[in-house]
Structures are given as C-alpha cells and as structure tokens.
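Written below as structure tokens is the structure these notes are about.
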Amino acid sequence: MQLDYNVIKRKIEKESCKIHHEKAVFKKSIKGFTIQTCCQEFEKIIGLKSEKIIAEETKKAVETSLKKMFK
Ligand SMILES: [Zn+2]
C-alpha cells in the first residue's frame, strides 16, 4: 500500500504557527518523513495534525485497494 505523500505534504504545509506565523515544512525521508517547525509548541500541534492526516490517508488508500480487489 502506497500513501500519497503529496497530499499529506499539501495538508501539513497549509498549517502555520499561531505565534510566529511560520509554515511547517514537510520533508520526505528514507524512514518516512520529517516536519520542520519554528518552535516546539507548533511541533506538538503539527504532530497531532499529521497523525490525523496520515490516519485519513491510510484509510483512503485501504478503501481504494479494497475497491480494486473486488472489481
Ligand atoms: Zn512558532
């Protein structure tokens, strides 16, 4: 199963820090990905957000592959 990291990247980079107004920077890496943030506070927020986004994208990817399977 392959996650669409472009979708995840777009969603994460829409977020910006409420204190510094800096955007999160999403980087794909060998182990998965990293998210660069301006401060720890924003890192916490974006951490939770990315978990949610990835859960959603995983669900979508599973549904898509199931649909293909039963066609
Ligand atoms: Zn910040």
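Every chain in the structure tokens takes a letter, A first, then B, and so on in the order presented; its residues are numbered from 1, and the ligands are numbered from 1 following the presented order.
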(request) Name the residues, by chain letter and number, that sit within 9 Å of ligand 1 using only C-alpha atoms and all ligand atoms, and give them as a ChimeraX atom specification. (result) /A:16-23,37-43
(request) Please provide as a list of chain:residue names all residues within 10 Å of Arg10 (chain A), with the sequence filter that same-chain residues fewer than 4 positions apart are discarded (counting only C-alpha atoms). (result) A:Tyr5, A:Asn6, A:Lys14, A:Glu15, A:Val25, A:Phe26
Store the residues picked out above in a file with N, CA and C atoms, as a PDB file, in the first residue's frame.
```pdb
ATOM      1  N   TYR A   5       2.067  10.928  -0.493  1.00  0.00           N
ATOM      2  CA  TYR A   5       2.754  11.907   0.364  1.00  0.00           C
ATOM      3  C   TYR A   5       2.559  13.344  -0.117  1.00  0.00           C
ATOM      4  N   ASN A   6       2.230  13.498  -1.399  1.00  0.00           N
ATOM      5  CA  ASN A   6       1.978  14.854  -1.896  1.00  0.00           C
ATOM      6  C   ASN A   6       0.744  15.463  -1.238  1.00  0.00           C
ATOM      7  N   LYS A  14      -0.187  23.644   4.801  1.00  0.00           N
ATOM      8  CA  LYS A  14      -1.239  24.654   4.909  1.00  0.00           C
ATOM      9  C   LYS A  14      -1.256  25.270   6.307  1.00  0.00           C
ATOM     10  N   GLU A  15      -0.738  24.498   7.269  1.00  0.00           N
ATOM     11  CA  GLU A  15      -0.747  24.946   8.657  1.00  0.00           C
ATOM     12  C   GLU A  15       0.378  25.942   8.910  1.00  0.00           C
ATOM     13  N   VAL A  25       7.306  22.774   7.380  1.00  0.00           N
ATOM     14  CA  VAL A  25       7.958  22.274   6.166  1.00  0.00           C
ATOM     15  C   VAL A  25       8.010  20.750   6.218  1.00  0.00           C
ATOM     16  N   PHE A  26       7.363  20.147   5.259  1.00  0.00           N
ATOM     17  CA  PHE A  26       7.279  18.691   5.182  1.00  0.00           C
ATOM     18  C   PHE A  26       8.398  18.155   4.306  1.00  0.00           C
TER      19      PHE A  26
END
```
Give me the residues near Glu56 (chain A) as a PDB file with C-alpha atoms, in the first residue's frame, where near means some atom within 12 Å (using only C-alpha atoms) and where sequence neighbours in that chain fewer than 3 positions away do not count.
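Result saved to result_30.pdb:
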```
ATOM      1  CA  LEU A   3       0.414   6.599   0.721  1.00  0.00           C
ATOM      2  CA  ASP A   4       0.140   9.746  -1.341  1.00  0.00           C
ATOM      3  CA  VAL A   7      -1.484  15.082  -0.372  1.00  0.00           C
ATOM      4  CA  ILE A   8      -0.046  14.809   3.131  1.00  0.00           C
ATOM      5  CA  LYS A  11      -2.218  19.451   4.046  1.00  0.00           C
ATOM      6  CA  LYS A  49      -2.412  17.054  12.981  1.00  0.00           C
ATOM      7  CA  SER A  50      -0.117  14.856  10.901  1.00  0.00           C
ATOM      8  CA  GLU A  51      -1.240  11.753  12.805  1.00  0.00           C
ATOM      9  CA  LYS A  52      -4.817  12.593  11.884  1.00  0.00           C
ATOM     10  CA  ILE A  53      -3.956  13.326   8.263  1.00  0.00           C
ATOM     11  CA  LYS A  59      -7.985   4.752   5.402  1.00  0.00           C
ATOM     12  CA  LYS A  60      -8.459   6.147   1.895  1.00  0.00           C
ATOM     13  CA  ALA A  61      -5.623   4.050   0.489  1.00  0.00           C
ATOM     14  CA  VAL A  62      -7.054   0.897   2.085  1.00  0.00           C
ATOM     15  CA  GLU A  63     -10.509   1.635   0.703  1.00  0.00           C
TER      16      GLU A  63
END
```
(request) Run DSSP on the backbone and give me the residues of chain A it puts in strand (DSSP E or B), as a VMD selection string. (result) chain A and resid 16 23 25 to 29 32 to 36
Please dump the current selection as a PDB file, in the first residue's frame; keep N, CA and C atoms.
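Writing done, so here's selection.pdb:
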```
ATOM      1  N   SER A  16       0.088  26.937   9.751  1.00  0.00           N
ATOM      2  CA  SER A  16       1.186  27.820  10.153  1.00  0.00           C
ATOM      3  C   SER A  16       1.101  28.108  11.650  1.00  0.00           C
ATOM      4  N   LYS A  23       5.353  28.682   8.387  1.00  0.00           N
ATOM      5  CA  LYS A  23       4.713  27.461   7.908  1.00  0.00           C
ATOM      6  C   LYS A  23       5.539  26.232   8.278  1.00  0.00           C
ATOM      7  N   VAL A  25       7.306  22.774   7.380  1.00  0.00           N
ATOM      8  CA  VAL A  25       7.958  22.274   6.166  1.00  0.00           C
ATOM      9  C   VAL A  25       8.010  20.750   6.218  1.00  0.00           C
ATOM     10  N   PHE A  26       7.363  20.147   5.259  1.00  0.00           N
ATOM     11  CA  PHE A  26       7.279  18.691   5.182  1.00  0.00           C
ATOM     12  C   PHE A  26       8.398  18.155   4.306  1.00  0.00           C
ATOM     13  N   LYS A  27       9.148  17.198   4.838  1.00  0.00           N
ATOM     14  CA  LYS A  27      10.226  16.599   4.042  1.00  0.00           C
ATOM     15  C   LYS A  27      10.120  15.090   4.065  1.00  0.00           C
ATOM     16  N   LYS A  28      10.124  14.520   2.860  1.00  0.00           N
ATOM     17  CA  LYS A  28      10.102  13.075   2.736  1.00  0.00           C
ATOM     18  C   LYS A  28      11.511  12.559   3.025  1.00  0.00           C
ATOM     19  N   SER A  29      11.589  11.492   3.808  1.00  0.00           N
ATOM     20  CA  SER A  29      12.898  10.908   4.081  1.00  0.00           C
ATOM     21  C   SER A  29      12.825   9.398   3.880  1.00  0.00           C
ATOM     22  N   GLY A  32      10.554   7.746   6.260  1.00  0.00           N
ATOM     23  CA  GLY A  32       9.168   8.206   6.218  1.00  0.00           C
ATOM     24  C   GLY A  32       9.157   9.678   5.884  1.00  0.00           C
ATOM     25  N   PHE A  33       9.043  10.496   6.919  1.00  0.00           N
ATOM     26  CA  PHE A  33       9.090  11.927   6.669  1.00  0.00           C
ATOM     27  C   PHE A  33       9.439  12.682   7.939  1.00  0.00           C
ATOM     28  N   THR A  34       9.841  13.914   7.777  1.00  0.00           N
ATOM     29  CA  THR A  34      10.064  14.790   8.920  1.00  0.00           C
ATOM     30  C   THR A  34       9.314  16.093   8.680  1.00  0.00           C
ATOM     31  N   ILE A  35       8.957  16.743   9.766  1.00  0.00           N
ATOM     32  CA  ILE A  35       8.284  18.029   9.648  1.00  0.00           C
ATOM     33  C   ILE A  35       9.095  19.053  10.440  1.00  0.00           C
ATOM     34  N   GLN A  36       9.526  20.091   9.727  1.00  0.00           N
ATOM     35  CA  GLN A  36      10.286  21.151  10.383  1.00  0.00           C
ATOM     36  C   GLN A  36       9.338  22.257  10.831  1.00  0.00           C
TER      37      GLN A  36
END
```
(message) Please compute the CA of Ser65 (chain A)-CA of Ile46 (chain A) distance, one decimal, in Å.
(response)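 Value for the CA of Ser65 (chain A)-CA of Ile46 (chain A) distance: 27.9 Å.
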(request) Go through chain A and collect every residue that DSSP, computed from the backbone, puts in alpha helix (DSSP H); the answer should be as a PyMOL selection string. (result) chain A and resi 5-12+40-69
